[in-house]
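entry23.csv (CSV, C-alpha atoms (C1' of nucleotides)) appears below.
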```csv
chain,number,residue,atom,x,y,z
A,224,MET,CA,-7.7,207.8,98.0
A,225,GLU,CA,-9.0,206.3,94.8
A,226,ASN,CA,-11.4,209.2,94.3
A,227,LYS,CA,-8.7,211.8,94.9
A,228,LYS,CA,-6.6,210.2,92.1
A,229,ASP,CA,-9.6,210.1,89.8
A,230,THR,CA,-10.3,213.8,90.2
A,231,CYS,CA,-6.7,214.8,90.2
A,232,ALA,CA,-5.7,216.7,87.0
A,233,VAL,CA,-2.1,215.4,87.0
A,234,GLN,CA,-2.0,211.7,87.1
A,235,SER,CA,0.6,209.7,88.9
A,236,ARG,CA,3.2,208.3,86.5
A,237,LEU,CA,5.7,205.5,86.6
A,238,VAL,CA,8.7,205.8,84.4
A,239,VAL,CA,10.4,202.5,83.7
A,240,VAL,CA,14.0,202.6,82.7
A,241,THR,CA,15.3,199.3,81.4
A,242,GLY,CA,17.7,197.8,78.9
A,243,PRO,CA,20.3,195.1,78.7
A,244,THR,CA,22.8,194.5,81.5
A,245,ALA,CA,25.8,196.9,81.6
A,246,ILE,CA,24.1,199.4,79.4
A,247,GLY,CA,24.1,202.1,82.0
A,248,LYS,CA,20.6,202.0,83.6
A,249,THR,CA,21.7,203.0,87.1
A,250,ARG,CA,23.2,206.3,86.0
A,251,VAL,CA,20.3,207.2,83.8
A,252,ALA,CA,17.7,206.3,86.4
A,253,ILE,CA,19.5,208.4,89.0
A,254,GLU,CA,19.7,211.4,86.7
A,255,ILE,CA,16.1,211.2,85.8
A,256,ALA,CA,15.1,210.8,89.4
A,257,LYS,CA,17.1,213.9,90.3
A,258,ALA,CA,15.4,215.8,87.5
A,259,PHE,CA,12.0,214.9,89.0
A,260,HIS,CA,13.1,215.0,92.7
A,261,THR,CA,11.8,211.5,93.2
A,262,GLU,CA,12.8,207.9,94.2
A,263,ILE,CA,13.8,204.8,92.5
A,264,ILE,CA,12.3,201.3,92.6
A,265,SER,CA,14.6,198.5,91.4
A,266,CYS,CA,13.2,195.7,89.3
A,267,ASP,CA,16.3,193.6,89.3
A,268,SER,CA,15.7,190.0,90.4
A,269,ARG,CA,19.2,189.7,91.8
A,270,GLN,CA,20.0,193.0,93.3
A,271,MET,CA,17.4,192.2,95.9
A,272,TYR,CA,19.7,189.8,97.7
A,273,ARG,CA,21.7,191.5,100.3
A,274,GLU,CA,24.5,188.9,100.2
A,275,MET,CA,25.2,189.6,96.6
A,276,HIS,CA,26.8,193.0,95.9
A,277,ILE,CA,29.7,192.8,93.5
A,278,GLY,CA,28.4,190.3,91.1
A,279,THR,CA,25.0,192.0,90.7
A,280,ALA,CA,26.4,195.5,90.2
A,281,VAL,CA,24.3,197.2,92.8
A,282,PRO,CA,24.5,201.0,92.8
A,283,SER,CA,27.4,202.3,94.9
A,284,ALA,CA,26.9,203.7,98.4
A,285,GLU,CA,27.2,207.2,96.9
A,286,GLU,CA,24.6,206.5,94.3
A,287,LEU,CA,22.3,205.1,96.9
A,288,ALA,CA,22.8,208.2,99.0
A,289,THR,CA,21.9,210.5,96.1
A,290,VAL,CA,18.5,209.1,95.5
A,291,PRO,CA,16.4,206.7,97.7
A,292,HIS,CA,16.3,203.2,96.3
A,293,HIS,CA,13.8,200.4,97.0
A,294,PHE,CA,14.1,196.7,96.6
A,295,ILE,CA,17.8,196.6,96.8
A,296,GLY,CA,19.3,194.2,99.4
A,297,ASN,CA,15.8,193.7,100.8
A,298,LEU,CA,16.0,189.9,100.7
A,299,SER,CA,18.3,187.1,101.8
A,300,ILE,CA,19.4,184.4,99.4
A,301,HIS,CA,17.7,182.0,101.8
A,302,ASP,CA,14.3,183.6,101.2
A,303,TYR,CA,11.8,182.3,98.8
A,304,TYR,CA,10.6,184.9,96.3
A,305,ASN,CA,8.7,185.2,93.1
A,306,VAL,CA,7.4,187.6,90.5
A,307,SER,CA,3.9,187.7,92.1
A,308,MET,CA,5.3,188.8,95.4
A,309,PHE,CA,7.2,191.5,93.6
A,310,GLU,CA,4.1,192.6,91.8
A,311,GLN,CA,2.1,192.9,95.1
A,312,GLU,CA,4.8,194.6,97.1
A,313,CYS,CA,5.6,196.9,94.3
A,314,LEU,CA,2.0,198.1,93.9
A,315,GLN,CA,1.8,198.7,97.6
A,316,LEU,CA,5.0,200.7,97.6
A,317,LEU,CA,3.9,202.7,94.6
A,318,ASP,CA,0.7,203.5,96.3
A,319,ASN,CA,2.7,205.1,99.1
A,320,LEU,CA,5.2,206.9,96.9
A,321,PHE,CA,2.5,208.4,94.7
A,322,GLN,CA,1.2,210.2,97.8
A,323,THR,CA,4.4,212.2,97.8
A,324,TYR,CA,5.6,212.1,94.2
A,325,GLN,CA,3.8,212.5,90.9
A,326,THR,CA,6.5,210.7,89.1
A,327,VAL,CA,8.4,207.6,90.3
A,328,ILE,CA,11.2,205.8,88.6
A,329,MET,CA,11.6,202.1,88.2
A,330,THR,CA,14.8,200.6,86.8
A,331,GLY,CA,16.2,197.2,86.3
A,332,GLY,CA,16.5,194.5,83.7
A,333,SER,CA,14.2,191.7,84.8
A,334,GLY,CA,11.7,191.8,82.0
A,335,LEU,CA,9.2,189.4,83.6
A,336,TYR,CA,9.2,191.6,86.7
A,337,ILE,CA,8.5,194.7,84.7
A,338,ASP,CA,5.7,193.0,82.8
A,339,ALA,CA,4.2,191.7,86.0
A,340,LEU,CA,4.0,195.1,87.4
A,341,CYS,CA,2.8,196.9,84.3
A,342,ASN,CA,0.4,194.3,83.0
A,343,GLY,CA,-0.3,192.2,86.0
A,344,ILE,CA,0.2,188.4,86.2
A,345,ASP,CA,-2.5,185.8,86.7
A,346,ASP,CA,-3.2,184.8,90.2
A,347,PHE,CA,-2.9,181.3,91.5
A,348,PRO,CA,-2.0,180.0,94.9
A,349,THR,CA,1.5,179.8,96.1
A,350,VAL,CA,2.7,176.2,95.9
A,351,ASP,CA,3.7,174.5,99.2
A,352,THR,CA,7.4,173.6,99.6
A,353,GLU,CA,6.6,169.9,99.9
A,354,ILE,CA,4.9,169.8,96.6
A,355,ARG,CA,7.7,171.7,94.9
A,356,GLU,CA,10.2,169.2,96.3
A,357,THR,CA,8.1,166.3,95.3
A,358,VAL,CA,7.9,167.5,91.7
A,359,THR,CA,11.6,168.3,91.6
A,360,GLY,CA,12.3,164.8,92.9
A,361,TRP,CA,10.2,163.4,90.0
A,362,PHE,CA,12.3,165.3,87.5
A,363,GLU,CA,15.5,164.2,89.1
A,364,THR,CA,14.7,160.5,89.5
A,365,GLU,CA,12.1,159.8,86.7
A,366,GLY,CA,13.1,162.3,84.1
A,367,ILE,CA,11.3,164.8,81.9
A,368,GLU,CA,9.2,162.2,80.0
A,369,TYR,CA,7.6,161.2,83.3
A,370,LEU,CA,6.8,164.9,83.9
A,371,ARG,CA,5.2,165.1,80.5
A,372,ARG,CA,2.9,162.1,81.2
A,373,GLN,CA,1.9,163.6,84.5
A,374,LEU,CA,1.0,167.0,82.9
A,375,LYS,CA,-0.9,165.3,80.1
A,376,MET,CA,-3.1,163.7,82.7
A,377,LEU,CA,-3.4,166.7,84.9
A,378,ASP,CA,-3.8,169.4,82.3
A,379,PRO,CA,-4.1,168.2,78.7
A,380,GLU,CA,-4.8,171.8,77.5
A,381,HIS,CA,-1.6,173.2,78.9
A,382,TYR,CA,0.2,170.0,77.7
A,383,ALA,CA,-0.7,170.9,74.1
A,384,ARG,CA,0.6,174.4,74.4
A,385,VAL,CA,3.7,174.3,76.7
A,386,ASP,CA,7.2,173.9,75.5
A,387,LEU,CA,7.6,170.2,76.3
A,388,ARG,CA,11.4,170.4,76.3
A,389,ASN,CA,11.5,173.1,79.0
A,390,TYR,CA,11.3,171.2,82.3
A,391,LYS,CA,10.8,174.3,84.4
A,392,ARG,CA,7.5,175.2,82.6
A,393,ILE,CA,6.3,171.6,82.9
A,394,MET,CA,7.2,171.4,86.6
A,395,LYS,CA,5.5,174.7,87.4
A,396,ALA,CA,2.3,173.6,85.8
A,397,ILE,CA,2.3,170.3,87.6
A,398,GLU,CA,2.9,172.0,90.9
A,399,VAL,CA,-0.1,174.2,90.5
A,400,CYS,CA,-2.3,171.4,89.4
A,401,LEU,CA,-1.3,169.3,92.5
A,402,GLN,CA,-1.6,172.3,94.8
A,403,THR,CA,-5.1,173.3,93.7
A,404,GLY,CA,-6.6,170.2,92.2
A,405,LYS,CA,-7.4,172.2,89.1
A,406,PRO,CA,-5.7,172.4,85.8
A,407,TYR,CA,-2.9,175.0,85.6
A,408,SER,CA,-4.5,176.4,82.4
A,409,SER,CA,-7.7,177.2,84.2
A,410,PHE,CA,-5.8,180.0,86.0
A,411,LEU,CA,-4.6,181.7,82.9
A,412,THR,CA,-6.7,184.6,81.7
A,413,SER,CA,-4.3,186.5,79.5
A,414,GLN,CA,-6.0,189.7,80.7
A,415,GLN,CA,-4.1,192.8,81.2
A,416,ARG,CA,-4.7,194.5,84.5
A,417,LEU,CA,-5.4,198.2,84.5
A,418,ARG,CA,-3.1,200.3,86.8
A,419,PRO,CA,-4.2,203.5,88.5
A,420,PHE,CA,-1.2,205.3,87.1
A,421,GLU,CA,0.4,206.2,83.8
A,422,ILE,CA,3.3,204.1,82.6
A,423,VAL,CA,6.1,205.4,80.4
A,424,LYS,CA,8.7,202.9,79.3
A,425,ILE,CA,12.2,203.8,78.3
A,426,ALA,CA,14.6,201.2,77.0
A,427,LEU,CA,18.4,201.9,76.7
A,428,ASN,CA,20.6,200.5,74.0
A,429,ARG,CA,23.8,201.2,72.1
A,430,PRO,CA,25.7,199.5,69.3
A,431,ARG,CA,26.4,195.8,70.2
A,432,GLU,CA,30.2,196.3,70.0
A,433,GLU,CA,30.0,199.0,72.7
A,434,LEU,CA,27.7,197.0,74.9
A,435,VAL,CA,30.1,194.0,74.6
A,436,ALA,CA,33.0,196.3,75.5
A,437,ASN,CA,31.1,197.5,78.5
A,438,ILE,CA,30.3,194.0,79.6
A,439,HIS,CA,33.9,193.0,79.4
A,440,ARG,CA,35.1,196.1,81.2
A,441,ARG,CA,32.6,195.6,84.0
A,442,THR,CA,33.5,191.9,84.4
A,443,ASP,CA,37.1,192.9,84.9
A,444,ALA,CA,36.1,195.6,87.4
A,445,MET,CA,34.0,193.1,89.3
A,446,MET,CA,37.0,190.7,89.6
A,447,GLU,CA,39.2,193.6,90.7
A,448,ALA,CA,36.6,194.6,93.3
A,449,GLY,CA,36.7,191.1,94.8
A,450,LEU,CA,34.0,189.0,93.1
A,451,LEU,CA,36.0,185.9,93.7
A,452,GLY,CA,36.1,186.5,97.5
A,453,GLU,CA,32.3,187.2,97.5
A,454,ALA,CA,31.7,184.0,95.6
A,455,GLU,CA,33.9,182.0,98.0
A,456,SER,CA,31.9,183.3,100.9
A,457,LEU,CA,28.7,182.2,99.2
A,458,TYR,CA,30.1,178.8,98.1
A,459,PRO,CA,28.3,176.8,100.8
A,460,TYR,CA,24.9,178.1,99.4
A,461,ARG,CA,25.7,177.6,95.7
A,462,LYS,CA,22.7,175.3,95.3
A,463,LEU,CA,20.3,178.1,96.2
A,464,ASN,CA,18.3,179.6,93.3
A,465,ALA,CA,19.5,183.1,94.0
A,466,LEU,CA,23.0,181.9,93.3
A,467,ASN,CA,22.2,180.3,90.0
A,468,THR,CA,23.4,183.7,88.6
A,469,VAL,CA,26.0,184.8,86.1
A,470,GLY,CA,29.2,185.7,87.8
A,471,TYR,CA,28.7,183.3,90.6
A,472,LYS,CA,28.0,179.9,89.0
A,473,GLU,CA,31.1,180.2,86.8
A,474,LEU,CA,33.3,180.9,89.9
A,475,PHE,CA,31.7,178.0,91.8
A,476,ALA,CA,32.6,175.7,88.9
A,477,TYR,CA,36.2,177.1,89.1
A,478,MET,CA,36.2,176.3,92.9
A,479,ASP,CA,35.0,172.8,92.0
A,480,GLY,CA,38.0,172.4,89.8
A,481,LEU,CA,36.0,172.2,86.6
A,482,HIS,CA,38.1,174.9,84.9
A,483,ASP,CA,40.8,177.5,85.7
A,484,LEU,CA,40.2,181.1,86.8
A,485,ASP,CA,40.8,182.6,83.4
A,486,THR,CA,38.3,180.3,81.8
A,487,ALA,CA,35.8,181.2,84.5
A,488,VAL,CA,36.2,184.9,83.8
A,489,GLU,CA,35.8,184.2,80.0
A,490,LEU,CA,32.6,182.2,80.7
A,491,ILE,CA,31.2,185.1,82.9
A,492,ARG,CA,31.8,187.4,79.9
A,493,ARG,CA,30.1,185.1,77.5
A,494,ASN,CA,27.2,184.3,79.7
A,495,THR,CA,26.7,188.0,80.4
A,496,ARG,CA,26.7,188.7,76.7
A,497,ARG,CA,24.0,186.0,76.1
A,498,TYR,CA,22.0,187.3,79.0
A,499,ALA,CA,22.0,190.8,77.5
A,500,LYS,CA,20.8,189.4,74.2
A,501,ARG,CA,17.9,187.6,75.9
A,502,GLN,CA,17.0,190.9,77.6
A,503,LEU,CA,17.1,192.7,74.3
A,504,THR,CA,14.8,190.1,72.7
A,505,TRP,CA,12.3,190.5,75.5
A,506,PHE,CA,12.2,194.3,75.4
A,507,ALA,CA,12.1,194.4,71.6
A,508,ARG,CA,8.7,192.7,71.8
A,509,ASP,CA,7.2,195.5,73.9
A,510,THR,CA,5.9,198.1,71.4
A,511,ALA,CA,5.5,200.7,74.2
A,512,MET,CA,9.2,200.9,74.7
A,513,GLN,CA,10.8,204.2,73.7
A,514,TRP,CA,14.4,203.5,72.8
A,515,PHE,CA,17.3,205.9,73.7
A,516,HIS,CA,21.1,205.9,73.7
A,517,PRO,CA,22.1,206.0,77.4
A,518,ASP,CA,24.1,209.2,76.9
A,519,HIS,CA,21.0,211.1,75.7
A,520,ILE,CA,19.6,211.8,79.2
A,521,ASP,CA,18.5,215.3,78.2
A,522,ALA,CA,16.3,213.9,75.5
A,523,MET,CA,14.7,211.4,77.9
A,524,VAL,CA,14.0,214.1,80.4
A,525,GLU,CA,12.6,216.3,77.7
A,526,THR,CA,10.3,213.6,76.5
A,527,LEU,CA,9.1,213.1,80.1
A,528,HIS,CA,8.4,216.8,80.5
A,529,SER,CA,6.3,217.1,77.4
B,66,G,C1',70.0,183.2,52.4
B,67,G,C1',68.6,177.5,51.7
B,68,U,C1',65.2,173.3,52.4
B,69,A,C1',60.6,171.3,54.1
B,70,C,C1',55.6,172.0,55.6
B,71,C,C1',51.3,175.1,56.0
B,72,A,C1',47.5,178.9,54.1
B,73,U,C1',39.5,176.8,54.1
B,74,A,C1',33.9,180.4,58.7
B,75,G,C1',35.5,185.1,64.1
B,76,C,C1',39.0,180.9,66.4
B,77,U,C1',40.9,175.7,66.2
B,78,C,C1',40.6,172.4,62.2
B,79,A,C1',38.3,168.6,58.8
B,80,G,C1',37.2,167.8,53.6
B,81,U,C1',36.5,167.7,48.3
B,82,A,C1',39.8,160.5,44.1
B,83,G,C1',38.5,168.0,40.1
B,84,G,C1',31.6,169.3,39.9
B,85,U,C1',32.0,176.4,44.5
B,86,A,C1',32.5,173.0,51.4
B,87,G,C1',31.4,171.1,57.3
B,88,A,C1',32.5,170.0,62.6
B,89,G,C1',33.5,172.0,67.7
B,90,C,C1',33.7,176.6,70.1
B,91,A,C1',32.5,181.7,69.4
B,92,A,C1',28.6,184.4,67.1
B,93,C,C1',23.6,185.5,65.4
B,94,G,C1',18.0,184.9,65.9
B,95,G,C1',13.7,183.6,68.7
B,96,A,C1',10.3,181.9,72.9
B,97,C,C1',8.9,183.2,77.8
B,98,U,C1',2.4,183.8,83.2
B,99,G,C1',5.2,182.7,90.9
B,100,A,C1',13.1,179.8,90.5
B,101,A,C1',13.4,184.7,85.1
B,102,A,C1',21.0,187.0,85.6
B,103,A,C1',16.4,181.2,85.3
B,104,U,C1',14.9,177.7,81.5
B,105,C,C1',14.1,176.3,76.4
B,106,C,C1',14.4,176.4,70.9
B,107,G,C1',16.4,177.6,66.0
B,108,U,C1',20.5,179.4,62.4
B,109,G,C1',26.6,178.4,58.8
B,110,U,C1',27.6,183.6,58.6
B,111,G,C1',33.0,181.6,53.5
B,112,U,C1',36.8,185.8,47.1
B,113,C,C1',38.6,177.8,50.3
B,114,C,C1',45.7,183.6,50.5
B,115,U,C1',46.9,186.1,45.3
B,116,U,C1',48.0,185.1,40.4
B,117,G,C1',49.1,182.4,35.8
B,118,G,C1',48.5,177.3,33.6
B,119,U,C1',46.1,172.4,32.6
B,120,U,C1',40.7,171.3,32.2
B,121,C,C1',34.0,171.6,29.8
B,122,G,C1',34.8,172.9,35.0
B,123,A,C1',40.2,174.3,40.0
B,124,U,C1',39.3,175.5,46.8
B,125,U,C1',41.3,170.7,45.1
B,126,C,C1',46.4,169.3,40.2
B,127,C,C1',51.1,172.2,38.3
B,128,G,C1',54.1,177.0,38.3
B,129,A,C1',55.1,181.7,40.4
B,130,G,C1',54.2,185.3,44.2
B,131,U,C1',52.9,186.7,49.3
B,132,G,C1',52.4,185.5,54.4
B,133,G,C1',53.4,182.0,58.4
B,134,U,C1',55.9,177.8,61.0
B,135,A,C1',60.1,174.5,61.6
B,136,C,C1',64.9,173.0,60.6
B,137,C,C1',69.7,174.1,58.2
B,138,A,C1',73.1,178.2,57.6
```
So, in terms of structure tokens, how does the structure I just supplied come out?
Amino acid sequence: MENKKDTCAVQSRLVVVTGPTAIGKTRVAIEIAKAFHTEIISCDSRQMYREMHIGTAVPSAEELATVPHHFIGNLSIHDYYNVSMFEQECLQLLDNLFQTYQTVIMTGGSGLYIDALCNGIDDFPTVDTEIRETVTGWFETEGIEYLRRQLKMLDPEHYARVDLRNYKRIMKAIEVCLQTGKPYSSFLTSQQRLRPFEIVKIALNRPREELVANIHRRTDAMMEAGLLGEAESLYPYRKLNALNTVGYKELFAYMDGLHDLDTAVELIRRNTRRYAKRQLTWFARDTAMQWFHPDHIDAMVETLHS
RNA sequence: GGUACCAUAGCUCAGUAGGUAGAGCAACGGACUGAAAAUCCGUGUGUCCUUGGUUCGAUUCCGAGUGGUACCA
């Protein structure tokens, strides 16, 4: 298999279509996939959960019928999942798809997932649930200062570099130290993995005003489509990580009586806007991105043909 | 129509005993190595309604205008 690829004149190619939420990735990806008669891999960390439809804006049944999609609704909110698992499963899937297609499309807005697939992510053992719960317990009962002291002892090198106000980063490092008995920083190589296929990255964007209008329109559409009902049915599981998601957490707060429904919707809009900004910041850093207006699909296809 | 009050950041407002102004929210910018739609950090963006006057100097004091709110007709 490897040899065949090496001698093959036309190399396999992955086309990544990304951009901020509500920019129109789904439509663009489908059009490009149709142009190349191929399939789509989703790299959206929330569309993977089959219990979450409306709030994650998964492609419609018609859209899914048009082009085969992967990694949509493939997980339950009760499953543990992480970027590394995505990287491995995705590489395996690509290996299969490239036997049929020269070009495969990947679309979604989870920047870390995209980077993990394109550049690789350092390998360290998965942390046992008990250790994760222990460290979480430390944070909840002892506070962040205690976590800092632990990290300083376990991995002074990482302590010097990590954002000491970001408890998640500190907890992750401590967990790995405890799991392996080695400093977290000893697993970090900063080395980019080479992939046996070409990668083309397309990022979608449009004037901020239009993006914001899209976000507001889509939020209203989600509410009309029954987002509140979906959130109500998931309320018992609101503590799960999968449900720490824009569109759901604000409605859970409404159900808890923290604010009224109009406020909840306004917060969904605001938090979606902020999420879109964080995505744009992430993608802007990637110099390999080729930026397009989502309406210029012909230009994208042309670029991919040349 | 009359009287009173108000006019300062995108919004709600504070303030300057006269020396060109600051809070909350919104907004904007950034970081990111297995929970990432997560998590964390940074930043006031302003004809102080307009226009005369007093003054070395007016967003601030006085007059007029415009707009708004309330009450009286």
Tell me which protein, DNA and RNA residues are within 12 Å of B:C70, counting only C-alpha atoms (C1' of nucleotides), leaving out same-chain ones fewer than 4 positions away, and put them as an mmCIF file with C-alpha atoms (C1' of nucleotides), in the frame of the given file.
```cif
data_model
loop_
_atom_site.group_PDB
_atom_site.id
_atom_site.type_symbol
_atom_site.label_atom_id
_atom_site.label_comp_id
_atom_site.auth_asym_id
_atom_site.auth_seq_id
_atom_site.Cartn_x
_atom_site.Cartn_y
_atom_site.Cartn_z
ATOM 1 C "C1'" G B 133 53.400 182.000 58.400
ATOM 2 C "C1'" U B 134 55.900 177.800 61.000
ATOM 3 C "C1'" A B 135 60.100 174.500 61.600
ATOM 4 C "C1'" C B 136 64.900 173.000 60.600
#
```
**Request:** List every protein, DNA or RNA residue that has an atom no more than 12 Å from (9.3, 182.4, 77.6) in the file's coordinate frame, counting only C-alpha atoms (C1' of nucleotides), and report them as a list in words.
**Result:** Gly334, Leu335, Val385, Asp386, Asn389, Lys391, Arg392, Arg501, Gln502, Thr504, Trp505 and Arg508 of chain A; G95, A96, C97, U98, A101, A103, U104, C105 and C106 of chain B
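One distance worth recording is that between atom C1' of B:G128 and atom C1' of B:A69, which is 18.0 Å.
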**Prompt:** With only C-alpha atoms (C1' of nucleotides) as the atoms that count, which of B:U85, B:U73, B:U131, B:U68 lies nearest to B:U116?
**Reply:**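 Selected residue with least distance to B:U116: B:U131.
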**Request:** Tell me which of A:Val327, A:Met275, A:Ile520, A:Ala252 sits closest to A:Gln234, counting only C-alpha atoms.
**Result:** A:Val327
